[in-house]
file model_30.txt (compact mmCIF, C-alpha atoms)
# COMPACT_ATOMS: atom_id res chain seq x y z
CA MET A 25 0.00 0.00 0.00
CA ARG A 26 2.74 2.47 0.95
CA ASP A 27 4.63 1.79 -2.28
CA GLU A 28 1.50 2.70 -4.25
CA LEU A 29 1.03 5.92 -2.29
CA TYR A 30 4.60 7.04 -2.93
CA MET A 31 4.36 6.03 -6.61
CA ARG A 32 1.19 8.12 -6.98
CA ILE A 33 3.18 11.10 -5.71
CA ALA A 34 5.93 10.27 -8.23
CA LEU A 35 3.28 10.16 -10.95
CA HIS A 36 2.02 13.58 -9.85
CA LEU A 37 5.59 14.85 -10.21
CA ALA A 38 5.79 13.31 -13.68
CA HIS A 39 2.64 15.22 -14.66
CA GLN A 40 4.21 18.44 -13.34
CA GLY A 41 7.26 17.83 -15.50
CA GLN A 42 5.12 17.10 -18.52
CA ALA A 43 3.29 20.40 -17.99
CA VAL A 44 6.55 22.28 -18.55
CA GLY A 45 7.61 20.21 -21.57
CA GLU A 46 9.74 17.56 -19.91
CA ILE A 47 9.63 13.82 -20.48
CA PRO A 48 7.19 12.83 -17.71
CA VAL A 49 9.33 11.05 -15.15
CA GLY A 50 8.92 11.72 -11.44
CA ALA A 51 11.04 10.57 -8.52
CA LEU A 52 11.11 10.93 -4.77
CA VAL A 53 13.28 9.69 -1.93
CA VAL A 54 11.84 8.34 1.30
CA CYS A 55 13.86 7.87 4.47
CA ASN A 56 12.34 6.58 7.72
CA ASP A 57 8.88 6.75 6.14
CA LYS A 58 9.29 10.47 5.36
CA ILE A 59 9.58 12.03 1.91
CA ILE A 60 12.86 13.95 2.00
CA SER A 61 13.25 14.96 -1.65
CA TRP A 62 11.43 14.94 -4.94
CA ALA A 63 11.97 15.93 -8.55
CA TYR A 64 10.82 15.61 -12.12
CA ASN A 65 13.01 15.68 -15.20
CA GLU A 66 14.56 19.09 -15.85
CA LYS A 67 16.65 18.39 -18.94
CA GLU A 68 14.79 20.90 -21.10
CA LEU A 69 14.47 23.51 -18.36
CA ARG A 70 18.20 23.41 -17.55
CA ASN A 71 19.54 22.41 -20.97
CA ASP A 72 21.35 19.68 -19.05
CA ALA A 73 21.38 16.06 -20.20
CA THR A 74 22.11 14.95 -16.63
CA ALA A 75 19.05 16.62 -15.06
CA HIS A 76 17.10 13.39 -14.69
CA ALA A 77 14.46 13.15 -11.97
CA GLU A 78 16.36 10.39 -10.18
CA LEU A 79 19.65 12.30 -10.04
CA LEU A 80 17.98 15.47 -8.84
CA ALA A 81 16.07 13.58 -6.14
CA LEU A 82 19.27 11.83 -4.98
CA GLN A 83 21.18 15.12 -4.85
CA ARG A 84 18.43 16.80 -2.87
CA ALA A 85 18.17 13.83 -0.48
CA ALA A 86 21.91 13.95 0.21
CA GLU A 87 21.71 17.68 0.82
CA TYR A 88 18.73 17.25 3.16
CA LEU A 89 20.42 14.48 5.15
CA GLY A 90 23.85 16.09 5.09
CA ARG A 91 25.46 12.89 3.82
CA TRP A 92 25.93 11.13 0.52
CA ARG A 93 25.34 7.57 1.75
CA LEU A 94 21.66 6.72 1.32
CA THR A 95 21.67 3.13 2.57
CA ASP A 96 18.50 3.75 4.60
CA ALA A 97 16.63 5.45 1.75
CA VAL A 98 14.21 4.29 -0.92
CA LEU A 99 13.94 5.99 -4.30
CA TYR A 100 10.57 5.80 -6.03
CA CYS A 101 10.59 6.49 -9.75
CA THR A 102 7.95 6.15 -12.43
CA LEU A 103 10.46 4.75 -14.96
CA GLU A 104 13.30 2.26 -14.72
CA PRO A 105 16.55 4.24 -14.41
CA CYS A 106 19.11 4.63 -17.17
CA ALA A 107 22.75 3.63 -16.69
CA MET A 108 23.71 7.12 -15.50
CA CYS A 109 21.03 7.16 -12.81
CA ALA A 110 21.70 3.54 -11.86
CA GLY A 111 25.38 4.42 -11.42
CA ALA A 112 24.43 7.31 -9.15
CA MET A 113 22.27 4.97 -7.07
CA ILE A 114 25.18 2.57 -6.65
CA ASN A 115 27.56 5.38 -5.74
CA ALA A 116 25.05 6.78 -3.23
CA ARG A 117 24.71 3.29 -1.73
CA LEU A 118 20.93 3.56 -2.17
CA GLY A 119 19.08 1.02 -0.05
CA LYS A 120 16.19 0.31 -2.40
CA LEU A 121 14.73 1.33 -5.75
CA VAL A 122 11.02 1.06 -6.51
CA PHE A 123 10.02 1.82 -10.09
CA GLY A 124 6.81 1.74 -12.07
CA THR A 125 7.51 0.67 -15.62
CA ARG A 126 10.47 -0.79 -17.47
CA ASP A 127 12.42 1.10 -20.10
CA PRO A 128 13.18 -1.34 -22.92
CA LYS A 129 15.57 1.11 -24.63
CA THR A 130 17.76 2.40 -21.79
CA GLY A 131 16.71 0.54 -18.63
CA ALA A 132 19.63 -0.34 -16.36
CA ALA A 133 17.71 -2.19 -13.65
CA GLY A 134 17.00 -5.34 -15.60
CA SER A 135 15.76 -4.37 -19.08
CA ILE A 136 18.93 -3.99 -21.14
CA ILE A 137 21.41 -4.30 -18.30
CA ASP A 138 21.09 -4.89 -14.57
CA LEU A 139 23.65 -2.42 -13.34
CA VAL A 140 22.09 -1.83 -9.92
CA ARG A 141 22.42 -5.52 -9.03
CA TYR A 142 25.66 -6.27 -10.84
CA PRO A 143 27.58 -8.64 -8.51
CA GLY A 144 31.00 -7.30 -9.49
CA LEU A 145 30.29 -3.85 -8.08
CA ASN A 146 30.83 -2.79 -4.48
CA HIS A 147 27.12 -2.17 -3.86
CA GLN A 148 23.89 -3.67 -5.13
CA VAL A 149 20.50 -1.97 -4.84
CA GLU A 150 17.38 -3.88 -3.81
CA ILE A 151 14.63 -3.51 -6.42
CA ALA A 152 10.84 -3.64 -6.50
CA GLU A 153 9.27 -3.04 -9.88
CA GLY A 154 5.86 -2.77 -11.48
CA VAL A 155 4.21 -0.50 -8.89
CA LEU A 156 1.39 1.26 -10.79
CA LYS A 157 3.01 -0.09 -13.93
CA GLU A 158 0.10 0.66 -16.27
CA GLU A 159 -0.30 4.26 -15.12
CA CYS A 160 3.44 4.91 -15.29
CA ALA A 161 3.62 3.43 -18.80
CA ALA A 162 0.51 5.31 -19.98
CA ILE A 163 1.81 8.80 -19.20
CA LEU A 164 5.02 8.08 -21.12
CA SER A 165 3.18 6.45 -24.01
CA THR A 166 0.84 9.42 -24.36
CA PHE A 167 3.71 11.90 -24.13
CA PHE A 168 5.71 10.22 -26.91
CA LYS A 169 2.62 9.71 -29.08
CA ASP A 170 1.90 13.45 -28.81
CA LEU A 171 5.57 14.27 -29.44
CA ARG A 172 5.58 12.18 -32.61
CA ARG A 173 2.39 13.93 -33.75
CA ASP A 174 3.30 17.51 -32.78
CA GLY A 175 7.08 17.43 -32.86
CA ARG A 176 9.30 19.27 -30.43
CA ALA A 177 7.52 22.52 -31.22
CA GLY A 178 4.49 21.05 -29.44
CA ARG A 179 6.38 20.96 -26.15
CA ARG A 180 5.77 23.84 -23.82
CA ARG A 181 8.70 26.17 -23.56
CA SER A 182 10.52 26.93 -20.37
CA THR A 183 9.74 30.21 -18.65
CA ARG A 184 13.48 30.96 -18.68
CA ASN A 185 14.81 33.46 -21.15
CA ARG A 186 16.24 31.71 -24.17
CA VAL A 187 18.05 32.71 -27.28
CA ASP A 188 16.54 30.72 -30.12
CA GLY A 189 18.57 30.60 -33.28
call {"tool": "encode", "arguments": {"input": "model_30.txt", "output": "C-alpha cells"}}
result
Amino acid sequence: MRDELYMRIALHLAHQGQAVGEIPVGALVVCNDKIISWAYNEKELRNDATAHAELLALQRAAEYLGRWRLTDAVLYCTLEPCAMCAGAMINARLGKLVFGTRDPKTGAAGSIIDLVRYPGLNHQVEIAEGVLKEECAAILSTFFKDLRRDGRAGRRRSTRNRVDG
C-alpha cells in the first residue's frame, strides 16, 4: 500500500514535468517513512542532459540528510533508471529502488542491463518493480505519441529566457 502511495506522488511529479515540456518522469526519496526529496526531469528547463528526476532527487536527499550515503533510503521512480542514474544509485549506496515501468531502450535495472544488481560492483540496490506499472507506462506512451504527432515545437517552452537561433 505504501509503495502505491509514494508512486502516486511520483506520478504527480511526472505530470508536473510534462506540464513544462519535460519527459514525464517523477522521482522521490523516502527515508524513515518520510519524503525527504522529490523531482521531475529538468533536462529541457536546464539544458542539461544529466538533469534526470532520479539524479535530482538523490542530490536533494543527500543535501537534506547532510550525507551522501543513502543506505537507509528508498527511491521511487515512475520509470526504470538509465545507466547514469543507476550508477548514481550505486555510488550513493541507495538502499532500495522502486520503479513503475520498465524502459526497454535504456533501462539499467533489468531491461537492457542490470547495473544496480551487478555482482562485481561494491554495492547492489534492492529492487521492487511494477508498482502502478500501467499508469506509469501510460503517461510516457501518451507523451511520446503526442511528441511524434506535434514534434518538439508542441512541447511547452521553459519560462526561462532563451536565445533561439
call {"tool": "residues_around", "arguments": {"input": "model_30.txt", "residues": "range 126-136 of chain A", "least_positions_apart": "5", "cutoff": "6 Å", "atoms": "all atoms listed in the file", "output": "PDB file with C-alpha atoms, in the frame of the given file"}}
result
ATOM      1  CA  GLU A 104      13.300   2.260 -14.720  1.00  0.00           C
ATOM      2  CA  PRO A 105      16.550   4.240 -14.410  1.00  0.00           C
ATOM      3  CA  CYS A 106      19.110   4.630 -17.170  1.00  0.00           C
ATOM      4  CA  ALA A 107      22.750   3.630 -16.690  1.00  0.00           C
TER       5      ALA A 107
END
call {"tool": "closest_residue", "arguments": {"input": "model_30.txt", "among": "A:Cys160, A:Val155, A:Ala43, A:Val54", "to": "Leu118 in chain A", "atoms": "only C-alpha atoms"}}
result
A:Val54
call {"tool": "closest_residue", "arguments": {"input": "model_30.txt", "among": "A:Glu78, A:Asp170, A:Glu66, A:Asp138", "to": "Leu99 in chain A", "atoms": "all atoms listed in the file"}}
result
A:Glu78
call {"tool": "atom_distance", "arguments": {"input": "model_30.txt", "atom1": "CA of Pro143 in chain A", "atom2": "CA of Leu80 in chain A"}}
result
26.0 Å
call {"tool": "closest_residue", "arguments": {"input": "model_30.txt", "among": "A:Cys55, A:Ile163, A:Leu103, A:Ile151", "to": "His39 in chain A", "atoms": "only C-alpha atoms"}}
result
A:Ile163
call {"tool": "residues_around", "arguments": {"input": "model_30.txt", "residues": "Arg84 in chain A", "least_positions_apart": "6", "cutoff": "8 Å", "atoms": "only C-alpha atoms", "output": "list of chain:residue names"}}
result
A:Ile60, A:Ser61, A:Trp62
call {"tool": "decode", "arguments": {"input": "model_30.txt", "residues": "range 52-85 of chain A", "atoms": "N, CA and C atoms", "output": "PDB file, in the first residue's frame"}}
result
ATOM      1  N   LEU A  52      11.028  10.414  -6.136  1.00  0.00           N
ATOM      2  CA  LEU A  52      11.110  10.934  -4.772  1.00  0.00           C
ATOM      3  C   LEU A  52      11.905   9.973  -3.923  1.00  0.00           C
ATOM      4  N   VAL A  53      12.488  10.508  -2.853  1.00  0.00           N
ATOM      5  CA  VAL A  53      13.285   9.695  -1.933  1.00  0.00           C
ATOM      6  C   VAL A  53      12.598   9.720  -0.577  1.00  0.00           C
ATOM      7  N   VAL A  54      12.469   8.523  -0.008  1.00  0.00           N
ATOM      8  CA  VAL A  54      11.840   8.338   1.297  1.00  0.00           C
ATOM      9  C   VAL A  54      12.873   7.766   2.252  1.00  0.00           C
ATOM     10  N   CYS A  55      12.954   8.351   3.439  1.00  0.00           N
ATOM     11  CA  CYS A  55      13.856   7.866   4.474  1.00  0.00           C
ATOM     12  C   CYS A  55      13.088   7.866   5.787  1.00  0.00           C
ATOM     13  N   ASN A  56      13.094   6.732   6.474  1.00  0.00           N
ATOM     14  CA  ASN A  56      12.342   6.583   7.723  1.00  0.00           C
ATOM     15  C   ASN A  56      10.882   6.978   7.553  1.00  0.00           C
ATOM     16  N   ASP A  57      10.291   6.528   6.457  1.00  0.00           N
ATOM     17  CA  ASP A  57       8.881   6.751   6.138  1.00  0.00           C
ATOM     18  C   ASP A  57       8.522   8.231   6.000  1.00  0.00           C
ATOM     19  N   LYS A  58       9.500   9.042   5.584  1.00  0.00           N
ATOM     20  CA  LYS A  58       9.286  10.468   5.359  1.00  0.00           C
ATOM     21  C   LYS A  58       9.859  10.839   3.995  1.00  0.00           C
ATOM     22  N   ILE A  59       9.088  11.549   3.198  1.00  0.00           N
ATOM     23  CA  ILE A  59       9.582  12.025   1.907  1.00  0.00           C
ATOM     24  C   ILE A  59      10.580  13.145   2.184  1.00  0.00           C
ATOM     25  N   ILE A  60      11.810  12.950   1.731  1.00  0.00           N
ATOM     26  CA  ILE A  60      12.858  13.949   2.003  1.00  0.00           C
ATOM     27  C   ILE A  60      13.284  14.723   0.756  1.00  0.00           C
ATOM     28  N   SER A  61      12.927  14.231  -0.423  1.00  0.00           N
ATOM     29  CA  SER A  61      13.246  14.958  -1.648  1.00  0.00           C
ATOM     30  C   SER A  61      12.357  14.463  -2.770  1.00  0.00           C
ATOM     31  N   TRP A  62      12.251  15.290  -3.796  1.00  0.00           N
ATOM     32  CA  TRP A  62      11.432  14.937  -4.943  1.00  0.00           C
ATOM     33  C   TRP A  62      11.897  15.744  -6.135  1.00  0.00           C
ATOM     34  N   ALA A  63      11.572  15.233  -7.331  1.00  0.00           N
ATOM     35  CA  ALA A  63      11.968  15.926  -8.551  1.00  0.00           C
ATOM     36  C   ALA A  63      11.220  15.341  -9.743  1.00  0.00           C
ATOM     37  N   TYR A  64      11.203  16.112 -10.801  1.00  0.00           N
ATOM     38  CA  TYR A  64      10.821  15.607 -12.115  1.00  0.00           C
ATOM     39  C   TYR A  64      11.974  15.950 -13.055  1.00  0.00           C
ATOM     40  N   ASN A  65      11.948  15.381 -14.241  1.00  0.00           N
ATOM     41  CA  ASN A  65      13.014  15.677 -15.197  1.00  0.00           C
ATOM     42  C   ASN A  65      13.107  17.180 -15.427  1.00  0.00           C
ATOM     43  N   GLU A  66      14.340  17.669 -15.561  1.00  0.00           N
ATOM     44  CA  GLU A  66      14.558  19.089 -15.848  1.00  0.00           C
ATOM     45  C   GLU A  66      15.575  19.284 -16.968  1.00  0.00           C
ATOM     46  N   LYS A  67      15.682  18.293 -17.849  1.00  0.00           N
ATOM     47  CA  LYS A  67      16.652  18.385 -18.939  1.00  0.00           C
ATOM     48  C   LYS A  67      16.383  19.577 -19.844  1.00  0.00           C
ATOM     49  N   GLU A  68      15.149  19.788 -20.211  1.00  0.00           N
ATOM     50  CA  GLU A  68      14.793  20.895 -21.098  1.00  0.00           C
ATOM     51  C   GLU A  68      14.899  22.232 -20.369  1.00  0.00           C
ATOM     52  N   LEU A  69      14.437  22.272 -19.142  1.00  0.00           N
ATOM     53  CA  LEU A  69      14.473  23.513 -18.361  1.00  0.00           C
ATOM     54  C   LEU A  69      15.899  24.000 -18.139  1.00  0.00           C
ATOM     55  N   ARG A  70      16.809  23.056 -17.877  1.00  0.00           N
ATOM     56  CA  ARG A  70      18.197  23.409 -17.554  1.00  0.00           C
ATOM     57  C   ARG A  70      19.151  23.307 -18.734  1.00  0.00           C
ATOM     58  N   ASN A  71      18.651  22.744 -19.848  1.00  0.00           N
ATOM     59  CA  ASN A  71      19.542  22.414 -20.972  1.00  0.00           C
ATOM     60  C   ASN A  71      20.704  21.572 -20.468  1.00  0.00           C
ATOM     61  N   ASP A  72      20.363  20.534 -19.718  1.00  0.00           N
ATOM     62  CA  ASP A  72      21.352  19.683 -19.051  1.00  0.00           C
ATOM     63  C   ASP A  72      20.934  18.228 -19.198  1.00  0.00           C
ATOM     64  N   ALA A  73      21.695  17.473 -19.953  1.00  0.00           N
ATOM     65  CA  ALA A  73      21.382  16.064 -20.196  1.00  0.00           C
ATOM     66  C   ALA A  73      21.404  15.223 -18.926  1.00  0.00           C
ATOM     67  N   THR A  74      22.041  15.717 -17.871  1.00  0.00           N
ATOM     68  CA  THR A  74      22.115  14.949 -16.630  1.00  0.00           C
ATOM     69  C   THR A  74      20.996  15.295 -15.640  1.00  0.00           C
ATOM     70  N   ALA A  75      20.098  16.186 -15.992  1.00  0.00           N
ATOM     71  CA  ALA A  75      19.052  16.624 -15.058  1.00  0.00           C
ATOM     72  C   ALA A  75      17.855  15.673 -15.070  1.00  0.00           C
ATOM     73  N   HIS A  76      18.146  14.402 -14.799  1.00  0.00           N
ATOM     74  CA  HIS A  76      17.100  13.388 -14.691  1.00  0.00           C
ATOM     75  C   HIS A  76      16.456  13.466 -13.306  1.00  0.00           C
ATOM     76  N   ALA A  77      15.198  13.095 -13.235  1.00  0.00           N
ATOM     77  CA  ALA A  77      14.462  13.154 -11.968  1.00  0.00           C
ATOM     78  C   ALA A  77      15.183  12.390 -10.861  1.00  0.00           C
ATOM     79  N   GLU A  78      15.706  11.210 -11.187  1.00  0.00           N
ATOM     80  CA  GLU A  78      16.363  10.390 -10.177  1.00  0.00           C
ATOM     81  C   GLU A  78      17.598  11.074  -9.608  1.00  0.00           C
ATOM     82  N   LEU A  79      18.432  11.628 -10.499  1.00  0.00           N
ATOM     83  CA  LEU A  79      19.651  12.299 -10.044  1.00  0.00           C
ATOM     84  C   LEU A  79      19.318  13.508  -9.179  1.00  0.00           C
ATOM     85  N   LEU A  80      18.360  14.294  -9.607  1.00  0.00           N
ATOM     86  CA  LEU A  80      17.977  15.472  -8.837  1.00  0.00           C
ATOM     87  C   LEU A  80      17.435  15.079  -7.465  1.00  0.00           C
ATOM     88  N   ALA A  81      16.618  14.037  -7.426  1.00  0.00           N
ATOM     89  CA  ALA A  81      16.071  13.578  -6.143  1.00  0.00           C
ATOM     90  C   ALA A  81      17.175  13.050  -5.231  1.00  0.00           C
ATOM     91  N   LEU A  82      18.144  12.320  -5.788  1.00  0.00           N
ATOM     92  CA  LEU A  82      19.267  11.826  -4.984  1.00  0.00           C
ATOM     93  C   LEU A  82      20.110  12.983  -4.447  1.00  0.00           C
ATOM     94  N   GLN A  83      20.399  13.957  -5.293  1.00  0.00           N
ATOM     95  CA  GLN A  83      21.183  15.120  -4.852  1.00  0.00           C
ATOM     96  C   GLN A  83      20.481  15.862  -3.719  1.00  0.00           C
ATOM     97  N   ARG A  84      19.189  16.063  -3.877  1.00  0.00           N
ATOM     98  CA  ARG A  84      18.425  16.797  -2.874  1.00  0.00           C
ATOM     99  C   ARG A  84      18.313  15.997  -1.570  1.00  0.00           C
ATOM    100  N   ALA A  85      18.225  14.675  -1.687  1.00  0.00           N
ATOM    101  CA  ALA A  85      18.172  13.829  -0.484  1.00  0.00           C
ATOM    102  C   ALA A  85      19.482  13.920   0.286  1.00  0.00           C
TER     103      ALA A  85
END
